[in-house]
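The block underneath contains the structure these notes are about, expressed in structure tokens.
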Amino acid sequence: MTGSAGLELDASALGGFCRWLRKNRDLDLSDYGELHRWSVTDLPGFWSAVQQYLDVPFRTAYREALAEERMPGARWFPGVRTNYADGLLTDGDPQEPALITVHEDGSTEALTTGEFRRRVAALARSLTSLGVGVGDRVVGYLPNIGESAVAFYAAASIGAVWASVGSDYGPDAAAARLGQLTPKVLIAVDGYRYAGVDRDCGPAVATLREAIGPTHTVIVPRLGSTVAPDCLDWRELTAGEVPLEPVAVPFDHPLWVLFSSGTTGIPKGIVHSHGGVQLEMYKTLRLHWDLGAGSRLLWATSPSWVIWTLLVSAPLVGATAVLYDGSPTFPDTAGLWRAASAHRVTHFGTSPGFLAACERSGVFPGRLCDLSALRQIIATGSPVPPSAHAWVSAHVGDQVPLVAISGGTDVVGAFVGGAPTVPVVPGEISAPCLGVKVEAWDPQGRALVNEVGELVVTRPMPSMPVALWGDESGERYRQAYFDAYPGTWRHGDWITVTDRNSVVIHGRSDATLNRNGVRMGSADIYAAVEDLPEVHEALVIGAELPDGGYWMPLFVALHDGVELDDSLRDRIRRAIRQQASPRHVPDEIVAVPAIPHTKTGKKLEVPLKRILLGAEPGAVVAPAAVDAPEALDFFVRLAERRSARA
């Protein structure tokens, strides 16, 4: 851990924050641990300091940062008025790029800060002329392109509520989300290219329009496809010169609705506020990631995922968002690294799965291209195995840290992650994030250290949801997060908080492997099995049987040309025994064509467990919410065979 001199002299924004606290708050904090303890002990002091030091643009003064501390229902910054789009009006070089869209073929589209503001202002004016007002909903059916960011900021600037899904969603899955909001305007793309294939969205948009009934539909032209003659043209609505004048809204006014995966029912619409998200984004991007003027953040993501919101928020802190539009592995895994090199990316966002794909395909980014501008790789989506750190050090650069983070759509940010002054230990997440009181609890609500427990947050965060959409009584909200421990947020992850205050994520707590009273997370099994060169991906479940027995199968998707023979089975068992736990060697190992995931890449552990235990598939998983619905077929047939034998 960095000492007092290191922390105060550190050139990062975090170091500057500590110097500011010494001067303005008379706080002498010697290291990140002390800073974090203060941030969760004095919540009003910390969040007001974040607002002041990072100049988060509030329109009005405030008397108190936290008027009422409770969960749910904390009252943050009462009386404050703001707008998320205000951050686009801060000083900055209008000629510097705010957004760069990179396509699969290497072509790019850049929007300078000045042009970005102009398009946002023009679209905001057009939306207003279409009758969109404060509180109305504007929704997007769009890929990861600059137009998506323009649409979001334009909606936010006039006080409308934004929601979006990626254009890779089928129309039924998109309607299950966007239709909940009864939107006034739908902004959709006419088509997109993914994995080298042009995909016409015309029929999908037509079906989506019919399902959700927007008053107006705006088409962003990409392929030149025809949707319907009454659709409005994006180019006309973003033309012209008008000033950007965001309307002031209350701190807790809805900014956007983000959706849960929706694998087991109607997706939850999670409502976040202008003020709460502002504070979380500025804190994360500046203090944790050290983004600022001259920084460039690249991520191959989708408007369906919470990570997209972090990516397109980079311009708020003077950084450039590099939006990768397409498949991260087409035509090979080198494309993203070439984009990082060409655009002098400083922060590279990714997933452990992508890093593993690079390793398997023999890509060596450090030899392939110039990554001298790269300062940090940020990984999320699943636990980061130690092998990923070794690969980054060997093949990207030993000066580039691989920082793991874990959070959720629910709080539009991270609970645990990294910081410029905190060391990275492979296999662990460096520390709890500032302002987040994370603990691991046992079933009785006792905090655990060096033991596995439920991830809980014991004090409120400004970015916690203000509501779930359509949940007038708040009952669904309470059931989702506060049923297990009233007054304390339970996230559903299984973690260990070490005595060094680092964190290990073991997987979803409802997918715990509890064998003979010894619990283990599925992530520990995957770290061992997926390190084998023959294994593309694995999924494990632990099922309690009616007769009191316990069934723990492991499903493996193998690389082309690999056969699951006795030799490979033995090596898989040996890897689990040696690297994870001898008590958690699976009862059987089964080869499957593919492992199904949610649209955001999470394995369907719990739904598949329920199907294999006899639940009706349609009652536990919606195929439209799955990345490859055909991958479910194997598990459904296996469940039928098990039922017939029983």
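Naming works like this for the structure tokens: A, B, ... for the chains as they're shown, residue 1 at the start of each chain, ligands 1 onward in shown order.
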Residues near Pro383 (chain A), anyone? I mean within 12 Å using only C-alpha atoms, not counting same-chain ones fewer than 2 positions away, as a VMD selection string. chain A and resid 351 to 353 379 to 381 385 to 389 403 to 407 416 to 417 426 to 429 493 to 495 503 to 508 521 to 527 602
Give me, as a Markdown table, each residue of region 428-447 of chain A that comes within 12 Å of region 271-295 of chain A, together with its shortest interatomic pair and the distance in Å at one decimal, counting only C-alpha atoms, with rows ordered by chain and rising residue number.
```
| residue | atom | partner | partner_atom | distance |
| --- | --- | --- | --- | --- |
| A:Ser430 | CA | A:His288 | CA | 11.2 |
| A:Ala431 | CA | A:His288 | CA | 10.6 |
| A:Pro432 | CA | A:His288 | CA | 10.7 |
| A:Cys433 | CA | A:His288 | CA | 7.8 |
| A:Leu434 | CA | A:Lys283 | CA | 8.1 |
| A:Gly435 | CA | A:Lys283 | CA | 9.3 |
| A:Val436 | CA | A:Glu280 | CA | 10.6 |
```
Expected file contents, prior selection, C-alpha atoms, as a short mmCIF file (atom, residue, chain, number, x, y, z; two decimals), in the first residue's frame:
```cif
data_model
loop_
_atom_site.label_atom_id
_atom_site.label_comp_id
_atom_site.auth_asym_id
_atom_site.auth_seq_id
_atom_site.Cartn_x
_atom_site.Cartn_y
_atom_site.Cartn_z
CA SER A 430 -7.84 -4.55 -5.18
CA ALA A 431 -10.26 -2.78 -2.84
CA PRO A 432 -13.79 -1.60 -2.13
CA CYS A 433 -14.63 1.53 -4.12
CA LEU A 434 -14.76 4.89 -2.42
CA GLY A 435 -18.08 5.62 -0.74
CA VAL A 436 -19.13 1.94 -0.86
#
```
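Comparing A:Val556, A:Phe116, A:Asp627, A:Leu604 by their smallest distance to Leu316 (chain A), the closest is A:Phe116 (using only C-alpha atoms).
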Looking only at the backbone, which of the residues in region 295-337 of chain A does DSSP tag as alpha helix (DSSP H), as a ChimeraX atom specification? /A:306-312,335-337
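Put simply, CA of Asp398 (chain A) is 10.1 Å away from CA of Gly366 (chain A).
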Which neighbours of region 567-572 of chain A fall inside 10 Å, counting only C-alpha atoms, when residues of the same chain fewer than 3 positions from it are skipped, and could you give them as a list in words? Ile525, Ala528, Val529, Glu530, Asp531, Leu532, Glu534, Val535, Leu554, Val556, Val562, Glu563, Leu564, Ala575, Ile576, Arg577, Val585, Pro586, Glu588, Ile589 and Val590 of chain A
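Across the model, the gap from CA of Pro465 (chain A) to CA of Val438 (chain A) is 17.2 Å.
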Name the residues of region 78-122 of chain A that fall into strand (DSSP E) according to DSSP on the backbone, using the chain letters and numbers of this document, as number ranges by chain. A: 81-82, 97-103, 108-112
Take the selection from the previous step and output its residues with N, CA and C atoms, as a short mmCIF file (atom, residue, chain, number, x, y, z; two decimals), in the first residue's frame.
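part_13.cif was written with the following content:
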```cif
data_model
loop_
_atom_site.label_atom_id
_atom_site.label_comp_id
_atom_site.auth_asym_id
_atom_site.auth_seq_id
_atom_site.Cartn_x
_atom_site.Cartn_y
_atom_site.Cartn_z
N ARG A 81 -30.64 21.16 -8.08
CA ARG A 81 -31.11 20.98 -9.44
C ARG A 81 -29.89 20.88 -10.34
N THR A 82 -29.99 20.03 -11.33
CA THR A 82 -28.86 19.75 -12.20
C THR A 82 -29.37 19.16 -13.50
N PRO A 97 -11.50 15.39 -29.98
CA PRO A 97 -12.59 14.42 -30.16
C PRO A 97 -13.26 14.05 -28.84
N ALA A 98 -14.58 14.07 -28.83
CA ALA A 98 -15.34 13.57 -27.69
C ALA A 98 -15.66 12.10 -27.88
N LEU A 99 -15.97 11.71 -29.15
CA LEU A 99 -16.33 10.34 -29.48
C LEU A 99 -15.61 9.91 -30.74
N ILE A 100 -15.13 8.68 -30.75
CA ILE A 100 -14.59 8.07 -31.96
C ILE A 100 -15.25 6.71 -32.10
N THR A 101 -15.96 6.50 -33.20
CA THR A 101 -16.55 5.19 -33.46
C THR A 101 -15.63 4.42 -34.40
N VAL A 102 -15.25 3.22 -33.99
CA VAL A 102 -14.38 2.37 -34.79
C VAL A 102 -15.19 1.16 -35.26
N HIS A 103 -15.20 0.91 -36.56
CA HIS A 103 -15.95 -0.21 -37.12
C HIS A 103 -15.03 -1.41 -37.35
N THR A 108 -13.42 4.75 -39.32
CA THR A 108 -13.76 5.47 -38.10
C THR A 108 -14.63 6.68 -38.40
N GLU A 109 -15.34 7.13 -37.39
CA GLU A 109 -16.10 8.37 -37.44
C GLU A 109 -15.82 9.10 -36.13
N ALA A 110 -15.31 10.29 -36.22
CA ALA A 110 -14.96 11.06 -35.03
C ALA A 110 -15.90 12.26 -34.89
N LEU A 111 -16.28 12.54 -33.67
CA LEU A 111 -17.05 13.74 -33.35
C LEU A 111 -16.22 14.59 -32.40
N THR A 112 -15.89 15.79 -32.84
CA THR A 112 -15.21 16.70 -31.93
C THR A 112 -16.16 17.12 -30.81
#
```
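Every protein, DNA or RNA residue with an atom at most 9 Å from Pro303 (chain A), where only C-alpha atoms count and chain neighbours fewer than 2 positions away do not, is listed here: A:Gly140, A:Tyr141, A:Leu142, A:Pro143, A:Asn144, A:Ser148, A:Ala163, A:Ser164, A:Val165, A:Gly166, A:Ser167, A:Thr301, A:Trp305, A:Val306, A:Ile307, A:Trp308, A:Thr309.
Across the model, the gap from CA of Pro460 (chain A) to CA of Ala74 (chain A) is 6.7 Å.
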Just want the 10 Å neighbourhood of Arg70 (chain A), counted on only C-alpha atoms, with same-chain residues fewer than 3 positions away dropped. Output as a compact mmCIF listing (two decimals) with N, CA, C and O atoms, in the first residue's frame.
```
# COMPACT_ATOMS: atom_id res chain seq x y z
N LEU A 66 -26.66 14.57 2.63
CA LEU A 66 -27.49 13.40 2.93
C LEU A 66 -28.48 13.79 4.02
O LEU A 66 -28.13 13.86 5.20
N ALA A 67 -29.71 14.06 3.60
CA ALA A 67 -30.72 14.55 4.54
C ALA A 67 -31.31 13.43 5.38
O ALA A 67 -31.71 13.65 6.53
N GLY A 73 -34.49 4.46 0.10
CA GLY A 73 -35.12 5.76 0.33
C GLY A 73 -34.22 6.84 0.89
O GLY A 73 -34.73 7.86 1.39
N ALA A 74 -32.90 6.68 0.82
CA ALA A 74 -32.01 7.76 1.28
C ALA A 74 -32.28 9.04 0.48
O ALA A 74 -32.52 8.98 -0.73
N ARG A 75 -32.23 10.18 1.15
CA ARG A 75 -32.47 11.47 0.49
C ARG A 75 -31.14 12.20 0.35
O ARG A 75 -30.55 12.66 1.31
N THR A 458 -23.73 -1.79 3.39
CA THR A 458 -24.41 -1.47 4.65
C THR A 458 -24.75 0.00 4.81
O THR A 458 -25.41 0.37 5.79
N ARG A 459 -24.29 0.85 3.89
CA ARG A 459 -24.68 2.27 3.92
C ARG A 459 -25.05 2.68 2.50
O ARG A 459 -24.54 2.12 1.52
N PRO A 460 -25.95 3.66 2.35
CA PRO A 460 -26.47 3.98 1.01
C PRO A 460 -25.44 4.61 0.09
O PRO A 460 -24.46 5.23 0.53
N GLY A 487 -32.90 -3.33 5.51
CA GLY A 487 -32.09 -2.14 5.71
C GLY A 487 -30.68 -2.24 5.17
O GLY A 487 -29.92 -1.27 5.24
N THR A 488 -30.32 -3.40 4.62
CA THR A 488 -28.99 -3.61 4.06
C THR A 488 -29.13 -4.19 2.66
O THR A 488 -29.90 -5.12 2.43
```
